[in-house]
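Enquirer: The file below is protein.cif, mmCIF, C-alpha atoms:
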```cif
data_work
#
loop_
_atom_site.label_atom_id
_atom_site.label_comp_id
_atom_site.auth_asym_id
_atom_site.auth_seq_id
_atom_site.Cartn_x
_atom_site.Cartn_y
_atom_site.Cartn_z
CA ARG L 107 66.90 133.39 55.40
CA LEU L 108 66.67 129.65 54.78
CA ARG L 109 68.49 128.91 58.03
CA CYS L 110 66.06 131.04 60.03
CA HIS L 111 63.07 129.46 58.26
CA GLY L 112 64.31 126.03 59.25
CA LEU L 113 64.57 127.09 62.89
CA VAL L 114 61.01 128.36 62.90
CA ARG L 115 59.83 125.02 61.53
CA LYS L 116 61.62 123.29 64.42
CA ARG L 117 59.60 125.43 66.87
CA LEU L 118 62.62 126.19 69.03
CA PRO L 119 62.37 128.79 71.84
CA PHE L 120 62.47 132.39 70.69
CA TRP L 121 65.84 133.21 72.25
CA HIS L 122 67.48 130.29 70.42
CA MET L 123 65.98 131.33 67.08
CA TRP L 124 66.91 134.98 67.61
CA THR L 125 70.56 134.15 68.33
CA TRP L 126 70.91 131.78 65.40
CA CYS L 127 69.23 134.17 62.96
CA TRP L 128 71.46 137.00 64.15
CA LEU L 129 74.54 134.85 63.63
CA ALA L 130 73.31 133.72 60.23
CA ALA L 131 73.03 137.35 59.16
CA ALA L 132 76.43 138.23 60.59
CA ILE L 133 78.69 135.40 59.53
CA GLY L 134 78.73 135.88 55.75
CA LYS L 135 81.52 133.69 54.41
CA GLU L 136 83.30 133.18 57.74
CA ASP L 137 83.44 129.41 58.10
CA TRP L 138 84.38 129.53 61.78
CA ALA L 139 81.28 131.59 62.60
CA ALA L 140 79.00 128.93 61.14
CA ARG L 141 80.20 126.66 63.96
CA LEU L 142 78.59 129.02 66.46
CA SER L 143 75.12 128.18 65.17
CA SER L 144 75.60 124.47 64.50
CA GLY L 145 76.97 123.15 67.79
CA GLY L 146 76.05 120.06 69.74
CA VAL L 147 73.82 121.57 72.44
CA PHE L 148 70.55 122.80 70.97
CA GLY L 149 72.62 124.26 68.14
CA TYR L 150 75.03 126.09 70.45
CA PRO L 151 78.67 125.00 70.84
CA SER L 152 79.27 122.50 73.60
CA HIS L 153 81.88 123.27 76.25
CA SER L 154 84.51 121.27 74.36
CA GLN L 155 83.52 122.65 70.95
CA ALA L 156 83.82 126.23 72.17
CA HIS L 157 87.26 125.63 73.68
CA THR L 158 88.41 123.80 70.56
CA LEU L 159 87.56 126.84 68.46
CA LEU L 160 89.26 129.22 70.89
CA ASP L 161 92.36 127.03 71.06
CA GLU L 162 92.53 127.05 67.27
CA TRP L 163 92.61 130.84 67.38
CA VAL L 164 95.39 130.77 69.97
CA GLN L 165 97.45 128.73 67.49
CA GLN L 166 96.44 130.84 64.50
CA TYR L 167 96.96 134.26 66.13
CA PRO L 168 99.65 133.76 68.81
CA ALA L 169 100.70 137.43 68.75
CA HIS L 170 97.21 138.57 69.68
CA LEU L 171 95.58 135.82 71.73
CA ARG L 172 96.73 133.85 74.73
CA LYS L 173 95.07 131.36 77.06
CA GLU L 174 95.16 131.83 80.83
CA LYS L 175 93.86 129.48 83.52
CA VAL L 176 91.93 131.57 86.04
CA GLY L 177 90.54 128.87 88.33
CA GLU L 178 88.47 125.71 88.58
CA SER L 179 84.74 125.09 88.76
CA TYR L 180 82.88 123.28 91.53
CA GLU L 181 83.28 120.03 89.55
CA ASN L 182 87.01 120.76 89.08
CA ARG L 183 86.85 121.79 85.44
CA PRO L 184 89.67 124.16 84.49
CA MET L 185 88.37 127.64 83.77
CA HIS L 186 90.26 129.55 81.10
CA ALA L 187 90.18 133.14 79.94
CA TYR L 188 91.28 134.04 76.43
CA VAL L 189 93.15 137.33 76.31
CA LEU L 190 93.10 139.59 73.27
CA LYS L 191 96.20 141.74 73.47
CA PRO L 192 98.33 144.20 71.52
CA PRO L 193 101.48 142.61 70.09
CA GLY L 194 104.54 143.07 72.30
CA VAL L 195 102.70 144.90 75.09
CA GLY L 196 102.76 143.66 78.68
CA MET L 197 99.82 143.29 81.03
CA ALA L 198 98.34 146.55 82.36
CA GLU L 199 100.27 148.75 79.91
CA VAL L 200 96.94 149.46 78.21
CA PRO L 201 93.38 149.65 79.60
CA GLN L 202 91.89 146.26 80.36
CA ILE L 203 88.38 144.97 79.72
CA LEU L 204 86.66 141.86 81.09
CA ILE L 205 83.94 140.07 79.09
CA THR L 206 82.17 137.12 80.72
CA ALA L 207 79.43 134.75 79.59
CA MET L 208 77.41 131.81 80.86
CA THR L 209 77.04 132.89 84.47
CA HIS L 210 73.66 131.21 84.11
CA ALA L 211 74.03 127.94 82.24
CA ARG L 212 70.74 128.28 80.38
CA GLU L 213 71.77 131.55 78.71
CA PRO L 214 74.16 130.44 75.93
CA ALA L 215 73.46 133.37 73.60
CA GLY L 216 76.04 135.46 75.48
CA MET L 217 78.67 132.77 74.93
CA THR L 218 78.16 132.78 71.16
CA VAL L 219 78.34 136.57 71.06
CA ALA L 220 81.59 136.53 73.06
CA LEU L 221 83.09 133.94 70.70
CA TYR L 222 81.97 135.91 67.66
CA PHE L 223 83.59 139.04 69.08
CA VAL L 224 86.90 137.23 69.56
CA GLY L 225 86.88 135.64 66.12
CA ARG L 226 85.73 138.72 64.26
CA THR L 227 88.28 140.96 66.01
CA LEU L 228 91.18 138.62 65.25
CA GLU L 229 90.12 138.11 61.66
CA GLY L 230 89.45 141.79 61.14
CA TYR L 231 92.87 142.72 62.47
CA SER L 232 94.56 140.31 60.08
CA GLN L 233 92.62 141.88 57.20
CA GLY L 234 93.44 145.46 58.15
CA ASP L 235 90.00 146.39 59.49
CA PRO L 236 90.48 149.79 61.20
CA THR L 237 88.03 149.10 64.05
CA ALA L 238 89.62 145.75 64.90
CA MET L 239 93.10 147.27 64.69
CA HIS L 240 92.14 150.11 67.02
CA ILE L 241 90.71 147.66 69.56
CA LEU L 242 93.66 145.26 69.52
CA ASP L 243 96.31 147.98 69.48
CA ASN L 244 94.84 149.88 72.44
CA ARG L 245 93.15 147.39 74.76
CA GLU L 246 93.78 144.12 76.58
CA ILE L 247 90.50 142.19 76.66
CA TRP L 248 89.97 139.16 78.91
CA VAL L 249 87.17 136.91 77.66
CA LEU L 250 85.86 134.23 80.05
CA PRO L 251 83.35 132.27 77.95
CA PHE L 252 82.16 129.98 80.76
CA VAL L 253 81.59 131.35 84.25
CA ASN L 254 79.43 128.27 84.88
CA PRO L 255 80.96 125.44 82.81
CA ASP L 256 79.46 122.70 84.99
CA GLY L 257 75.93 123.90 84.35
CA TRP L 258 76.45 123.95 80.58
CA VAL L 259 77.95 120.47 80.59
CA ALA L 260 74.97 119.29 82.66
CA ILE L 261 72.59 120.71 80.06
CA GLU L 262 74.55 118.90 77.35
CA ARG L 263 74.37 115.59 79.20
CA THR L 264 70.79 115.73 80.46
CA LYS L 265 69.16 117.82 77.70
CA ASN L 266 67.52 119.81 80.50
CA ARG L 267 67.75 123.36 79.15
CA TRP L 268 66.42 124.95 82.35
CA ILE L 269 69.51 124.43 84.50
CA ARG L 270 70.65 127.87 85.67
CA LYS L 271 72.80 127.46 88.78
CA ASN L 272 76.10 125.71 89.43
CA ARG L 273 76.10 122.04 90.32
CA ARG L 274 76.59 122.20 94.09
CA PRO L 275 74.04 119.70 95.49
CA THR L 276 72.02 122.13 97.61
CA CYS L 277 68.66 120.48 96.99
CA PRO L 278 68.93 116.66 96.87
CA GLY L 279 65.93 114.74 95.66
CA ARG L 280 64.48 117.61 93.64
CA LYS L 281 64.69 118.43 89.93
CA ALA L 282 68.19 118.98 88.53
CA GLU L 283 67.58 122.69 88.05
CA SER L 284 66.65 123.11 91.73
CA SER L 285 70.11 122.34 93.11
CA GLY L 286 73.03 124.72 92.97
CA VAL L 287 74.09 128.27 93.76
CA ASP L 288 73.11 131.24 91.62
CA LEU L 289 76.55 132.52 90.64
CA ASN L 290 75.10 135.90 89.75
CA ARG L 291 74.49 136.42 93.49
CA ASN L 292 77.64 134.69 94.72
CA PHE L 293 80.45 137.14 93.97
CA ASP L 294 82.68 138.26 96.85
CA TYR L 295 81.99 142.00 96.46
CA LYS L 296 79.24 142.99 98.92
CA TRP L 297 78.01 139.41 99.16
CA GLU L 298 75.21 138.80 101.64
CA LEU L 299 72.43 136.31 102.16
CA ARG L 300 69.54 138.08 100.51
CA ARG L 301 66.55 137.50 98.24
CA SER L 302 66.40 133.83 99.14
CA THR L 303 67.81 131.52 101.79
CA ASP L 304 65.99 128.57 100.25
CA PRO L 305 68.69 126.40 98.61
CA CYS L 306 66.15 125.11 96.09
CA ARG L 307 65.24 128.51 94.66
CA GLU L 308 66.80 130.00 91.52
CA GLU L 309 68.05 133.07 93.40
CA TYR L 310 69.85 131.17 96.14
CA GLY L 311 73.12 133.02 96.73
CA GLY L 312 75.00 130.34 98.65
CA THR L 313 76.33 130.11 102.18
CA ALA L 314 79.44 132.15 101.38
CA PRO L 315 81.03 134.06 98.48
CA PHE L 316 82.23 131.91 95.58
CA SER L 317 80.43 128.83 96.87
#
```
Mind turning this structure into structure tokens?
Expert:
Amino acid sequence: RLRCHGLVRKRLPFWHMWTWCWLAAAIGKEDWAARLSSGGVFGYPSHSQAHTLLDEWVQQYPAHLRKEKVGESYENRPMHAYVLKPPGVGMAEVPQILITAMTHAREPAGMTVALYFVGRTLEGYSQGDPTAMHILDNREIWVLPFVNPDGWVAIERTKNRWIRKNRRPTCPGRKAESSGVDLNRNFDYKWELRRSTDPCREEYGGTAPFS
């Protein structure tokens, strides 16, 4: 309650306050969860802070969590997925699930929820929680916390919280949030130039898939 009251006094945007208050109610005595609401970018974990926490879990729970490089961003940042898995079970031997976050850089709430899911599942399994045990014993879950890492790093560096797209320079000379490709409209499956061909608009889908 005190944490939420402090956020209201700071007059932060509603979506920031809602996420932090939700986390404050959920974390209880979990020290790692407090880091999700006290990060370096408007209270959210920075790109490096989020990966530091995930890497700590890889070391703490090696039987249930592994780190996989799945590609690189436009600015050549390594993109990693963190895979929750049953102990001793190979890939595709159980149903697989994909969880992604931060397709749009200005929507960090999804990233904190994804991190909380990973941490709570691992911790719950170690404590014998039946729901966490059922999930980890019967599913392989790939969590990609940053679909758009460059955009989130740009928000961290510039303090411009409106950046949405990736950092491809499609609109030189305009505001930082004008340039880039909307990754939500840039996947390979059924990609087409639609909604907007203006490279300065938020919905710009790029000149080709995965651009």
Enquirer: Which is closest to L:Trp163 among L:Gly311, L:Gly225, L:Pro193, L:Pro214, if we use all atoms listed in the file?
Expert: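 Distance minimum relative to L:Trp163 lands on L:Gly225.
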Enquirer: Determine the nearest neighbour of L:Leu159 from the options L:Pro315, L:Gly234, L:Gly145, L:Gly257, counting all atoms listed in the file.
Expert: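 Using all atoms listed in the file, the shortest distance to L:Leu159 belongs to L:Gly145.
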Enquirer: For L:Val164, which residue among L:Ser284, L:Thr227, L:Leu190, L:Arg273 is the nearest when counting all atoms listed in the file?
Expert: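 Using all atoms listed in the file, L:Val164 sits closest to L:Leu190.
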Enquirer: Under the rule that all atoms listed in the file are counted, which of L:Gln166, L:Asn272, L:Thr209, L:Asn244 is the nearest residue to L:Gly312?
Expert: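 Closest to L:Gly312 of all the choices is L:Asn272.
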Enquirer: From the set L:Ser317, L:Thr303, L:Thr158, L:Thr264, which residue has the shortest atom-to-atom contact distance to L:Val287, counting all atoms listed in the file?
Expert: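 Once distances to L:Val287 are computed over all atoms listed in the file, the minimum belongs to L:Ser317.
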Enquirer: Please compute the atom CA of L:Lys173-atom CA of L:Leu160 distance, one decimal, in Å.
Expert: 8.7 Å
Enquirer: Could you tell me which of L:Asp235, L:Glu229, L:Glu246, L:Glu262 comes closest to L:Arg172 if we count all atoms listed in the file?
Expert: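 Closest candidate: L:Glu246.
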Enquirer: Apply the PyMOL selection byres ((chain L and resi 247) around 10) to the file shown and report the selected residues as a list in words.
Expert: Leu171, Ala187, Tyr188, Val189, Leu190, Lys191, Pro192, Val200, Pro201, Gln202, Ile203, Leu204, Ile205, Val224, Ile241, Leu242, Asn244, Arg245, Glu246, Trp248, Val249 and Leu250 of chain L
Enquirer: Store the residues picked out above, limited to C-alpha atoms, as an mmCIF file, in the frame of the given file.
Expert:
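Okay, part.cif is ready:
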```
data_model
loop_
_atom_site.group_PDB
_atom_site.id
_atom_site.type_symbol
_atom_site.label_atom_id
_atom_site.label_comp_id
_atom_site.auth_asym_id
_atom_site.auth_seq_id
_atom_site.Cartn_x
_atom_site.Cartn_y
_atom_site.Cartn_z
ATOM 1 C CA LEU L 171 95.580 135.820 71.730
ATOM 2 C CA ALA L 187 90.180 133.140 79.940
ATOM 3 C CA TYR L 188 91.280 134.040 76.430
ATOM 4 C CA VAL L 189 93.150 137.330 76.310
ATOM 5 C CA LEU L 190 93.100 139.590 73.270
ATOM 6 C CA LYS L 191 96.200 141.740 73.470
ATOM 7 C CA PRO L 192 98.330 144.200 71.520
ATOM 8 C CA VAL L 200 96.940 149.460 78.210
ATOM 9 C CA PRO L 201 93.380 149.650 79.600
ATOM 10 C CA GLN L 202 91.890 146.260 80.360
ATOM 11 C CA ILE L 203 88.380 144.970 79.720
ATOM 12 C CA LEU L 204 86.660 141.860 81.090
ATOM 13 C CA ILE L 205 83.940 140.070 79.090
ATOM 14 C CA VAL L 224 86.900 137.230 69.560
ATOM 15 C CA ILE L 241 90.710 147.660 69.560
ATOM 16 C CA LEU L 242 93.660 145.260 69.520
ATOM 17 C CA ASN L 244 94.840 149.880 72.440
ATOM 18 C CA ARG L 245 93.150 147.390 74.760
ATOM 19 C CA GLU L 246 93.780 144.120 76.580
ATOM 20 C CA TRP L 248 89.970 139.160 78.910
ATOM 21 C CA VAL L 249 87.170 136.910 77.660
ATOM 22 C CA LEU L 250 85.860 134.230 80.050
#
```
Enquirer: Once the PyMOL selection byres ((chain L and resi 141) around 10) has been applied to the shown file, what residues remain in the selection, as a list in words?
Expert: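 Those residues are Leu129, Ile133, Glu136, Asp137, Trp138, Ala139, Ala140, Leu142, Ser143, Ser144, Gly145, Gly146, Gly149, Tyr150, Pro151, Gln155, Ala156, Leu159 and Thr218 of chain L.
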Enquirer: So what does the PyMOL selection byres ((chain L and resi 297) around 10) actually pick up in this one, as a list in words?
Expert: Arg291, Asn292, Phe293, Asp294, Tyr295, Lys296, Glu298, Leu299, Arg300, Gly311, Gly312, Thr313, Ala314, Pro315 and Phe316 of chain L
